[in-house]
$ cat work-v6.cif   # mmCIF, C-alpha atoms
data_my_file
#
loop_
_atom_site.label_atom_id
_atom_site.label_comp_id
_atom_site.auth_asym_id
_atom_site.auth_seq_id
_atom_site.Cartn_x
_atom_site.Cartn_y
_atom_site.Cartn_z
CA MET A 9 0.00 0.00 0.00
CA SER A 10 2.70 2.43 1.01
CA MET A 11 4.64 1.48 -2.17
CA PHE A 12 1.73 2.57 -4.34
CA ARG A 13 1.47 5.77 -2.43
CA LEU A 14 5.00 6.63 -3.45
CA PHE A 15 4.06 6.65 -7.11
CA SER A 16 0.47 7.79 -7.11
CA SER A 17 -0.47 11.24 -5.97
CA ARG A 18 -1.33 11.24 -2.29
CA PRO A 19 -4.99 10.46 -1.66
CA PRO A 20 -6.73 13.20 0.27
CA ALA A 21 -6.81 12.56 4.02
CA PRO A 22 -10.34 11.81 5.23
CA ALA A 23 -12.06 14.79 6.79
CA THR A 24 -11.81 14.38 10.55
CA ALA A 25 -13.43 17.66 11.57
CA PRO A 26 -16.99 16.23 11.43
CA ILE A 27 -15.92 13.48 13.86
CA ALA A 28 -14.44 16.09 16.20
CA ARG A 29 -17.64 18.07 16.00
CA GLU A 30 -19.89 15.15 16.83
CA ARG A 31 -17.72 13.96 19.71
CA LEU A 32 -17.73 17.44 21.20
CA GLN A 33 -21.49 17.84 20.87
CA ILE A 34 -22.17 14.60 22.70
CA LEU A 35 -19.59 15.25 25.41
CA LEU A 36 -20.60 18.82 26.11
CA ALA A 37 -24.29 18.02 26.25
CA HIS A 38 -23.49 15.76 29.18
CA GLU A 39 -20.94 17.99 30.85
CA ARG A 40 -23.36 20.89 30.78
CA GLY A 41 -26.07 18.74 32.33
CA MET A 42 -23.78 17.72 35.16
CA ARG A 43 -22.41 21.19 35.77
CA GLY A 44 -22.83 22.54 39.26
CA GLU A 45 -25.71 20.30 40.21
CA GLN A 46 -24.55 16.75 40.71
CA PRO A 47 -20.97 16.31 39.66
CA GLU A 48 -20.91 13.08 41.65
CA LEU A 49 -24.07 11.72 40.06
CA LEU A 50 -22.59 8.30 39.39
CA MET A 51 -21.37 7.91 42.97
CA LEU A 52 -24.75 9.04 44.28
CA LEU A 53 -26.64 6.59 42.08
CA ARG A 54 -24.30 3.81 43.06
CA GLU A 55 -24.82 4.47 46.78
CA GLU A 56 -28.59 4.77 46.59
CA ILE A 57 -29.01 1.68 44.46
CA LEU A 58 -26.73 -0.18 46.81
CA ALA A 59 -28.74 0.96 49.81
CA ALA A 60 -32.00 -0.06 48.16
CA VAL A 61 -30.77 -3.53 47.24
CA SER A 62 -29.07 -4.14 50.57
CA ARG A 63 -32.31 -3.49 52.43
CA HIS A 64 -33.45 -6.83 51.06
CA VAL A 65 -30.30 -8.76 50.23
CA ALA A 66 -26.99 -9.09 52.01
CA LEU A 67 -24.43 -8.05 49.40
CA ASP A 68 -20.79 -7.28 49.04
CA PRO A 69 -20.37 -3.59 48.06
CA ASP A 70 -17.32 -4.51 45.98
CA LYS A 71 -19.48 -6.78 43.82
CA VAL A 72 -21.56 -3.89 42.53
CA MET A 73 -20.57 -2.35 39.20
CA VAL A 74 -22.09 0.86 37.92
CA ARG A 75 -21.27 1.97 34.38
CA MET A 76 -22.54 4.75 32.22
CA GLU A 77 -22.54 4.91 28.45
CA ARG A 78 -23.23 8.30 26.98
CA GLY A 79 -24.94 8.36 23.63
CA LYS A 80 -26.18 11.18 21.47
CA ASN A 81 -29.87 10.79 22.28
CA VAL A 82 -29.97 8.21 25.02
CA SER A 83 -27.60 7.27 27.81
CA THR A 84 -27.65 4.01 29.65
CA LEU A 85 -26.86 3.33 33.26
CA GLU A 86 -25.77 -0.21 33.79
CA VAL A 87 -25.94 -1.62 37.30
CA ASP A 88 -24.45 -5.03 37.85
CA VAL A 89 -25.15 -6.51 41.28
CA GLU A 90 -23.69 -9.85 42.13
CA LEU A 91 -26.05 -11.61 44.54
CA PRO A 92 -24.68 -14.16 46.97
CA ASN A 93 -25.93 -17.75 46.93
CA GLY A 94 -28.79 -18.66 49.21
CA LEU A 95 -30.71 -15.63 48.11
CA GLU A 96 -34.04 -17.07 49.22
CA ARG A 97 -32.80 -17.41 52.74
CA SER A 98 -31.64 -13.78 52.80
CA PHE A 99 -35.06 -12.76 51.60
CA ALA A 100 -36.69 -14.72 54.35
CA VAL A 101 -34.53 -13.02 56.95
CA ALA A 102 -35.11 -9.58 55.52
CA SER A 103 -38.88 -9.81 55.31
CA MET B 20 -17.00 54.07 32.86
CA ALA B 21 -14.12 51.62 33.07
CA LYS B 22 -14.51 48.13 31.71
CA VAL B 23 -12.83 45.05 33.09
CA LEU B 24 -12.09 42.43 30.46
CA VAL B 25 -10.78 38.96 31.16
CA VAL B 26 -8.91 37.01 28.50
CA THR B 27 -9.39 33.38 29.39
CA SER B 28 -9.54 29.87 27.91
CA GLY B 29 -9.05 27.07 30.41
CA LYS B 30 -6.51 25.41 28.16
CA GLY B 31 -2.93 26.59 28.01
CA GLY B 32 -1.03 27.60 24.91
CA VAL B 33 -4.03 28.80 22.94
CA GLY B 34 -2.90 32.44 22.81
CA LYS B 35 -4.24 34.23 25.89
CA THR B 36 -1.12 36.28 26.56
CA THR B 37 -0.57 37.08 22.87
CA SER B 38 -4.20 38.16 22.60
CA THR B 39 -4.05 40.22 25.80
CA ALA B 40 -0.98 42.07 24.51
CA ALA B 41 -2.39 42.57 21.01
CA ILE B 42 -5.86 43.68 22.12
CA GLY B 43 -4.50 45.79 24.98
CA ALA B 44 -2.19 47.58 22.54
CA ALA B 45 -4.95 47.97 19.95
CA LEU B 46 -7.30 49.49 22.54
CA ALA B 47 -4.54 51.95 23.46
CA GLN B 48 -4.01 52.71 19.77
CA ASN B 49 -7.72 53.55 19.63
CA GLY B 50 -7.15 56.23 22.25
CA LYS B 51 -8.29 54.26 25.30
CA LYS B 52 -6.32 54.31 28.51
CA VAL B 53 -5.49 50.67 29.13
CA ALA B 54 -3.95 48.56 31.88
CA VAL B 55 -3.09 44.93 31.14
CA VAL B 56 -2.83 42.77 34.25
CA ASP B 57 -0.99 39.46 34.41
CA PHE B 58 -2.68 36.99 36.78
CA ASP B 59 -0.32 34.10 36.10
CA VAL B 60 1.40 34.05 39.48
CA GLY B 61 4.69 32.16 39.30
CA LEU B 62 4.69 32.02 35.51
CA ARG B 63 4.46 35.62 34.41
CA ASN B 64 4.96 36.20 30.70
CA LEU B 65 2.93 39.22 29.70
CA ASP B 66 5.94 41.39 30.63
CA LEU B 67 8.07 39.42 28.18
CA VAL B 68 5.57 39.58 25.33
CA LEU B 69 5.30 43.33 25.87
CA GLY B 70 9.07 43.80 26.08
CA ALA B 71 8.93 45.14 29.63
CA GLU B 72 10.63 42.24 31.42
CA ARG B 73 13.62 44.31 32.48
CA ARG B 74 11.52 47.07 33.96
CA VAL B 75 9.55 45.01 36.49
CA VAL B 76 10.11 46.22 40.05
CA PHE B 77 6.82 45.59 41.85
CA ASP B 78 3.98 43.30 40.93
CA LEU B 79 0.30 42.52 41.51
CA ILE B 80 0.92 40.66 44.77
CA ASN B 81 3.02 43.54 46.14
CA VAL B 82 0.10 45.86 45.46
CA VAL B 83 -2.46 43.42 46.88
CA GLN B 84 -0.38 43.08 50.06
CA GLY B 85 0.19 46.81 50.33
CA VAL B 86 3.97 46.54 49.90
CA ALA B 87 3.79 48.85 46.89
CA LYS B 88 1.33 51.44 45.69
CA LEU B 89 -0.47 50.85 42.40
CA PRO B 90 1.33 53.69 40.52
CA GLN B 91 4.69 52.26 41.61
CA ALA B 92 3.90 48.84 40.18
CA LEU B 93 2.37 49.96 36.87
CA ILE B 94 4.85 49.96 34.00
CA ARG B 95 4.12 52.39 31.21
CA ASP B 96 4.73 51.11 27.69
CA LYS B 97 7.56 52.86 25.88
CA ARG B 98 5.77 52.91 22.52
CA LEU B 99 2.15 53.52 23.50
CA GLU B 100 1.67 56.20 26.10
CA ASN B 101 -1.85 54.95 26.86
CA LEU B 102 -0.75 51.43 27.78
CA TRP B 103 0.30 50.21 31.21
CA LEU B 104 1.27 46.78 32.53
CA LEU B 105 0.72 45.38 35.99
CA PRO B 106 2.98 42.31 36.06
CA ALA B 107 2.36 39.06 37.92
CA SER B 108 4.59 37.97 40.73
CA GLN B 109 7.21 35.27 40.23
CA THR B 110 6.64 34.05 43.79
CA ARG B 111 5.32 30.53 44.01
CA ASP B 112 2.79 31.35 46.67
CA LYS B 113 -0.42 31.51 44.72
CA ASP B 114 -2.42 31.99 47.90
CA ALA B 115 -0.93 35.46 48.20
CA LEU B 116 -3.68 36.61 45.83
CA THR B 117 -6.84 37.15 47.85
CA GLU B 118 -10.25 37.92 46.46
CA GLU B 119 -10.59 40.94 48.71
CA GLY B 120 -7.15 42.24 47.69
CA VAL B 121 -7.70 41.74 43.96
CA GLY B 122 -11.09 43.40 44.26
CA ARG B 123 -9.50 46.42 45.89
CA VAL B 124 -6.81 46.74 43.20
CA ILE B 125 -9.32 46.38 40.36
CA ALA B 126 -11.67 48.91 41.94
CA ASP B 127 -8.74 51.31 42.30
CA MET B 128 -7.79 50.80 38.64
CA ARG B 129 -11.37 51.43 37.49
CA ASN B 130 -10.89 55.05 38.57
CA ASN B 131 -7.82 55.50 36.41
CA PHE B 132 -8.33 53.50 33.22
CA ASP B 133 -10.87 52.97 30.45
CA TYR B 134 -10.00 49.30 30.06
CA ILE B 135 -8.47 46.81 32.47
CA VAL B 136 -7.52 43.68 30.56
CA CYS B 137 -6.86 40.67 32.80
CA ASP B 138 -4.69 37.90 31.38
CA SER B 139 -5.88 34.67 33.00
CA PRO B 140 -3.54 31.77 33.72
CA ALA B 141 -4.43 28.39 32.22
CA GLY B 142 -6.50 26.03 34.32
CA ILE B 143 -9.42 26.64 36.65
CA GLU B 144 -7.53 27.24 39.89
CA ARG B 145 -7.32 30.31 42.08
CA GLY B 146 -5.49 32.60 39.63
CA ALA B 147 -7.93 31.84 36.82
CA MET B 148 -10.91 32.32 39.14
CA LEU B 149 -9.63 35.65 40.44
CA SER B 150 -8.80 36.95 36.98
CA MET B 151 -12.45 36.53 35.93
CA ARG B 152 -13.99 37.37 39.30
CA PHE B 153 -14.56 41.09 38.68
CA ALA B 154 -14.91 41.02 34.89
CA ASP B 155 -17.59 42.89 32.97
CA GLU B 156 -16.72 41.15 29.71
CA ALA B 157 -14.82 38.02 28.79
CA ILE B 158 -12.84 37.07 25.73
CA ILE B 159 -12.68 33.29 25.50
CA VAL B 160 -9.68 32.35 23.39
CA THR B 161 -10.35 29.10 21.57
CA ASN B 162 -8.38 27.04 19.07
CA PRO B 163 -10.42 25.02 16.56
CA GLU B 164 -9.48 21.80 18.30
CA VAL B 165 -11.46 19.43 20.56
CA SER B 166 -9.65 19.93 23.87
CA SER B 167 -9.64 23.71 23.55
CA VAL B 168 -13.37 23.82 22.73
CA ARG B 169 -14.21 21.56 25.67
CA ASP B 170 -12.18 23.69 28.08
CA SER B 171 -13.77 26.86 26.71
CA ASP B 172 -17.17 25.39 27.45
CA ARG B 173 -16.08 24.72 31.01
CA ILE B 174 -14.82 28.29 31.38
CA ILE B 175 -18.10 29.66 29.99
CA GLY B 176 -19.89 27.73 32.73
CA MET B 177 -17.64 29.34 35.33
CA LEU B 178 -18.16 32.82 33.89
CA ASP B 179 -21.90 32.24 34.27
CA SER B 180 -21.70 31.09 37.87
CA LYS B 181 -18.52 32.12 39.68
CA THR B 182 -18.10 35.77 38.77
CA ALA B 183 -19.23 38.72 40.87
CA LYS B 184 -21.62 39.70 38.08
CA ALA B 185 -23.16 36.23 37.91
CA GLU B 186 -23.68 36.22 41.68
CA LYS B 187 -25.56 39.52 41.38
CA GLY B 188 -27.81 37.91 38.77
CA GLU B 189 -26.14 39.78 35.93
CA GLN B 190 -24.21 38.44 32.96
CA VAL B 191 -20.59 38.76 32.01
CA GLN B 192 -20.70 39.64 28.31
CA LYS B 193 -18.87 36.85 26.52
CA HIS B 194 -17.01 36.81 23.21
CA ILE B 195 -15.25 33.99 21.40
CA LEU B 196 -11.90 34.74 19.82
CA ILE B 197 -10.76 31.93 17.55
CA THR B 198 -6.99 31.86 17.28
CA ARG B 199 -4.48 29.77 15.31
CA TYR B 200 -7.07 29.26 12.62
CA ASP B 201 -5.90 27.72 9.36
CA PRO B 202 -8.52 28.36 6.64
CA ALA B 203 -6.98 25.84 4.23
CA ARG B 204 -7.06 23.01 6.75
CA ALA B 205 -10.60 23.91 7.78
CA ALA B 206 -11.65 23.86 4.12
CA ARG B 207 -10.21 20.36 3.76
CA GLY B 208 -12.18 19.20 6.79
CA GLU B 209 -9.04 18.64 8.83
CA MET B 210 -9.82 21.33 11.36
CA LEU B 211 -13.05 22.33 13.09
CA GLY B 212 -14.60 25.21 11.17
CA ILE B 213 -15.67 28.55 12.60
CA GLU B 214 -19.32 27.50 12.30
CA ASP B 215 -18.66 24.28 14.22
CA VAL B 216 -17.03 26.10 17.12
CA LEU B 217 -19.70 28.80 17.29
CA GLU B 218 -22.55 26.32 17.11
CA ILE B 219 -21.08 24.22 19.90
CA LEU B 220 -20.21 27.09 22.23
CA ALA B 221 -23.16 29.33 21.30
CA ILE B 222 -21.30 32.57 22.07
CA PRO B 223 -20.91 35.47 19.61
CA LEU B 224 -17.68 35.67 17.67
CA LEU B 225 -15.29 38.57 18.29
CA GLY B 226 -12.70 37.68 15.69
CA ILE B 227 -10.73 35.05 13.84
CA ILE B 228 -6.96 35.20 14.19
CA PRO B 229 -5.21 33.16 11.51
CA GLU B 230 -2.20 31.01 12.35
CA SER B 231 0.80 33.12 11.43
CA GLN B 232 4.55 33.35 11.90
CA ASP B 233 4.15 37.05 12.64
CA VAL B 234 2.83 36.19 16.11
CA LEU B 235 6.05 34.40 17.07
CA ARG B 236 8.15 37.11 15.46
CA ALA B 237 6.38 39.75 17.53
CA SER B 238 6.84 37.88 20.81
CA ASN B 239 10.49 37.24 19.94
CA VAL B 240 11.12 40.96 19.96
CA GLY B 241 8.73 41.76 22.82
CA SER B 242 6.17 43.77 20.92
CA PRO B 243 2.42 43.23 20.53
CA VAL B 244 1.74 41.95 17.02
CA THR B 245 -0.65 44.86 16.39
CA LEU B 246 2.32 47.18 16.92
CA ASN B 247 5.16 45.11 15.54
CA SER B 248 3.69 44.32 12.13
CA PRO B 249 0.39 46.18 11.79
CA ALA B 250 -0.12 45.08 8.18
CA SER B 251 0.22 41.38 8.98
CA THR B 252 -2.86 39.12 8.91
CA PRO B 253 -2.99 38.49 12.68
CA ALA B 254 -2.49 42.19 13.44
CA ARG B 255 -5.36 43.17 11.15
CA ALA B 256 -7.54 40.48 12.69
CA TYR B 257 -6.73 41.72 16.21
CA ALA B 258 -7.36 45.33 15.14
CA ASP B 259 -10.78 44.35 13.76
CA ALA B 260 -11.64 42.34 16.87
CA THR B 261 -10.71 45.32 19.05
CA LYS B 262 -12.94 47.64 17.03
CA ARG B 263 -15.83 45.18 17.45
CA LEU B 264 -15.14 45.24 21.17
CA LEU B 265 -15.49 49.01 21.02
CA GLY B 266 -18.87 48.62 19.37
CA GLU B 267 -18.02 49.11 15.69
CA VAL B 268 -19.70 46.86 13.17
CA ILE B 269 -17.04 45.25 11.01
CA PRO B 270 -17.73 42.36 8.63
CA MET B 271 -16.22 39.12 9.86
CA THR B 272 -13.41 37.98 7.58
CA VAL B 273 -10.27 35.96 7.96
CA PRO B 274 -7.59 38.42 6.86
CA SER B 275 -5.56 36.78 4.14
CA GLU B 276 -2.05 37.13 2.80
CA PRO B 277 -1.50 39.30 -0.30
CA LYS B 278 -3.28 37.85 -3.30
CA GLY B 279 -0.47 36.22 -5.30
CA LEU B 280 0.75 34.26 -2.35
CA MET B 281 -2.76 33.26 -1.37
CA LYS B 282 -3.45 31.89 -4.84
CA LEU B 283 -0.36 29.76 -4.70
CA PHE B 284 -1.34 28.26 -1.35
CA GLY B 285 -4.95 27.98 -2.42
CA ARG B 286 -4.07 25.84 -5.44
CA ARG B 287 -1.82 23.65 -3.43
CA ALA B 288 -4.49 23.04 -0.90
CA ALA B 289 -7.19 22.17 -3.40
#

$ encode --input "work-v6.cif" --output "structure tokens"
Amino acid sequence: MSMFRLFSSRPPAPATAPIARERLQILLAHERGMRGEQPELLMLLREEILAAVSRHVALDPDKVMVRMERGKNVSTLEVDVELPNGLERSFAVAS
Amino acid sequence: MAKVLVVTSGKGGVGKTTSTAAIGAALAQNGKKVAVVDFDVGLRNLDLVLGAERRVVFDLINVVQGVAKLPQALIRDKRLENLWLLPASQTRDKDALTEEGVGRVIADMRNNFDYIVCDSPAGIERGAMLSMRFADEAIIVTNPEVSSVRDSDRIIGMLDSKTAKAEKGEQVQKHILITRYDPARAARGEMLGIEDVLEILAIPLLGIIPESQDVLRASNVGSPVTLNSPASTPARAYADATKRLLGEVIPMTVPSEPKGLMKLFGRRAA
């Protein structure tokens, strides 16, 4: 490929500015939303979800994963809680 | 009525100090009495860009602490009799700048100048906060590049919430100054365009300063580019931006090199 490039005229580099523009628009939409109000939104969500789940199930805080994926129109919050075995028994105790 | 302007950006290396020197000088050339103030404690450079580095005796912190009086610390430009510099301190103690002290110095300067142009340090720490704290207007220096645009957005948020004006429920008037712009690269889609930056930041445009060797040449010799090579493309762009700041309506153009040269580059780029 690089050999051909030597002889042919250089192909134009793909325009990267539109990519930059889109990335910025997505990022800034989120950063503006977070600004001032709840900069620790993820931490807050993690704690409250943890508290809610642990009212009913005994769980290991280290086994809870919270991830966020920011998209242009929709963002997803992914909460992954690893429940210990013998869940039914925990339920029985809790209720 | 004196106006306090802050030249800010968040990101470093985008051209705050160059722009402060060029716009400060251009305001003075327009007959305004101007003080440029360096807020970059520990890393002062406005003195160097203005060619006054060997005349610094007292600085902003000395005045804030009452060690020196304001007239003792102000350095008058040797070329423009309307231009003064209040240098930053080279001390490392950034906490020496207090909000109360800076407020006092700025209030004092408001009585003696038409324009007080504050050169913000990079970042969002104390020096940057204090440089914008008492501003009436802000020039946000932005390069057409993702990290610079993001940081500008952050700074805009701070101008809208952390300034004295914002706390009174008023607005700091904000302007975008795009620097280091390369029209050929933007035309090829390699660089964010003016429209992209303005749409994302949603702040009115004050001017477009093209990338140019004249800027480095001017700082090499310690002279604002508007003074050192007034016919150059960046100098004309800064002069136009300054006139817009003063309320004149000037069509927005990217000043270009003389025609023959431009054609040559234009063909190459196409």

$ resolve_selection --input "work-v6.cif" --expression "the PyMOL selection byres ((chain B and resi 67) around 10)" --output "ChimeraX atom specification"
/B:36,63-66,68-73,106,238-242

$ write_last_selection --input "work-v6.cif" --atoms "C-alpha atoms" --output "compact mmCIF listing (two decimals), in the frame of the given file"
# COMPACT_ATOMS: atom_id res chain seq x y z
CA THR B 36 -1.12 36.28 26.56
CA ARG B 63 4.46 35.62 34.41
CA ASN B 64 4.96 36.20 30.70
CA LEU B 65 2.93 39.22 29.70
CA ASP B 66 5.94 41.39 30.63
CA VAL B 68 5.57 39.58 25.33
CA LEU B 69 5.30 43.33 25.87
CA GLY B 70 9.07 43.80 26.08
CA ALA B 71 8.93 45.14 29.63
CA GLU B 72 10.63 42.24 31.42
CA ARG B 73 13.62 44.31 32.48
CA PRO B 106 2.98 42.31 36.06
CA SER B 238 6.84 37.88 20.81
CA ASN B 239 10.49 37.24 19.94
CA VAL B 240 11.12 40.96 19.96
CA GLY B 241 8.73 41.76 22.82
CA SER B 242 6.17 43.77 20.92

$ residues_around --input "work-v6.cif" --residues "Thr261 of chain B" --least-positions-apart "5" --cutoff "9 Å" --atoms "all atoms listed in the file" --output "MDAnalysis selection string"
chainID B and resid 41:43 45:46 49 225:226 256 266:267

$ resolve_selection --input "work-v6.cif" --expression "the PyMOL selection byres ((chain A) within 7 of (chain B))" --output "short mmCIF file (atom, residue, chain, number, x, y, z; two decimals) with C-alpha atoms, keeping the file's coordinate frame"
data_model
loop_
_atom_site.label_atom_id
_atom_site.label_comp_id
_atom_site.auth_asym_id
_atom_site.auth_seq_id
_atom_site.Cartn_x
_atom_site.Cartn_y
_atom_site.Cartn_z
CA ALA A 23 -12.06 14.79 6.79
CA THR A 24 -11.81 14.38 10.55
CA ALA A 25 -13.43 17.66 11.57
CA ALA A 28 -14.44 16.09 16.20
CA ARG A 29 -17.64 18.07 16.00
CA LEU A 32 -17.73 17.44 21.20
CA GLN A 33 -21.49 17.84 20.87
CA LEU A 36 -20.60 18.82 26.11
#

$ atom_distance --input "work-v6.cif" --atom1 "atom CA of Ala47 of chain B" --atom2 "atom CA of Leu99 of chain B"
6.9 Å

$ resolve_selection --input "work-v6.cif" --expression "the PyMOL selection byres ((chain B and resi 29) around 12)" --output "PDB file with C-alpha atoms, keeping the file's coordinate frame"
ATOM      1  CA  VAL B  26      -8.910  37.010  28.500  1.00  0.00           C
ATOM      2  CA  THR B  27      -9.390  33.380  29.390  1.00  0.00           C
ATOM      3  CA  SER B  28      -9.540  29.870  27.910  1.00  0.00           C
ATOM      4  CA  LYS B  30      -6.510  25.410  28.160  1.00  0.00           C
ATOM      5  CA  GLY B  31      -2.930  26.590  28.010  1.00  0.00           C
ATOM      6  CA  GLY B  32      -1.030  27.600  24.910  1.00  0.00           C
ATOM      7  CA  VAL B  33      -4.030  28.800  22.940  1.00  0.00           C
ATOM      8  CA  GLY B  34      -2.900  32.440  22.810  1.00  0.00           C
ATOM      9  CA  LYS B  35      -4.240  34.230  25.890  1.00  0.00           C
ATOM     10  CA  ASP B 138      -4.690  37.900  31.380  1.00  0.00           C
ATOM     11  CA  SER B 139      -5.880  34.670  33.000  1.00  0.00           C
ATOM     12  CA  PRO B 140      -3.540  31.770  33.720  1.00  0.00           C
ATOM     13  CA  ALA B 141      -4.430  28.390  32.220  1.00  0.00           C
ATOM     14  CA  GLY B 142      -6.500  26.030  34.320  1.00  0.00           C
ATOM     15  CA  ILE B 143      -9.420  26.640  36.650  1.00  0.00           C
ATOM     16  CA  GLU B 144      -7.530  27.240  39.890  1.00  0.00           C
ATOM     17  CA  GLY B 146      -5.490  32.600  39.630  1.00  0.00           C
ATOM     18  CA  ALA B 147      -7.930  31.840  36.820  1.00  0.00           C
ATOM     19  CA  MET B 148     -10.910  32.320  39.140  1.00  0.00           C
ATOM     20  CA  SER B 150      -8.800  36.950  36.980  1.00  0.00           C
ATOM     21  CA  MET B 151     -12.450  36.530  35.930  1.00  0.00           C
ATOM     22  CA  ILE B 158     -12.840  37.070  25.730  1.00  0.00           C
ATOM     23  CA  ILE B 159     -12.680  33.290  25.500  1.00  0.00           C
ATOM     24  CA  VAL B 160      -9.680  32.350  23.390  1.00  0.00           C
ATOM     25  CA  THR B 161     -10.350  29.100  21.570  1.00  0.00           C
ATOM     26  CA  ASN B 162      -8.380  27.040  19.070  1.00  0.00           C
ATOM     27  CA  SER B 166      -9.650  19.930  23.870  1.00  0.00           C
ATOM     28  CA  SER B 167      -9.640  23.710  23.550  1.00  0.00           C
ATOM     29  CA  VAL B 168     -13.370  23.820  22.730  1.00  0.00           C
ATOM     30  CA  ARG B 169     -14.210  21.560  25.670  1.00  0.00           C
ATOM     31  CA  ASP B 170     -12.180  23.690  28.080  1.00  0.00           C
ATOM     32  CA  SER B 171     -13.770  26.860  26.710  1.00  0.00           C
ATOM     33  CA  ASP B 172     -17.170  25.390  27.450  1.00  0.00           C
ATOM     34  CA  ARG B 173     -16.080  24.720  31.010  1.00  0.00           C
ATOM     35  CA  ILE B 174     -14.820  28.290  31.380  1.00  0.00           C
ATOM     36  CA  ILE B 175     -18.100  29.660  29.990  1.00  0.00           C
ATOM     37  CA  GLY B 176     -19.890  27.730  32.730  1.00  0.00           C
ATOM     38  CA  MET B 177     -17.640  29.340  35.330  1.00  0.00           C
ATOM     39  CA  LEU B 178     -18.160  32.820  33.890  1.00  0.00           C
TER      40      LEU B 178
END

$ atom_distance --input "work-v6.cif" --atom1 "atom CA of Leu85 of chain A" --atom2 "atom CA of Val72 of chain A"
12.9 Å

$ atom_distance --input "work-v6.cif" --atom1 "atom CA of Ala254 of chain B" --atom2 "atom CA of Ser231 of chain B"
9.9 Å

$ residues_around --input "work-v6.cif" --residues "Ala237 of chain B" --least-positions-apart "5" --cutoff "9 Å" --atoms "all atoms listed in the file" --output "VMD selection string"
chain B and resid 68 232 242 to 248
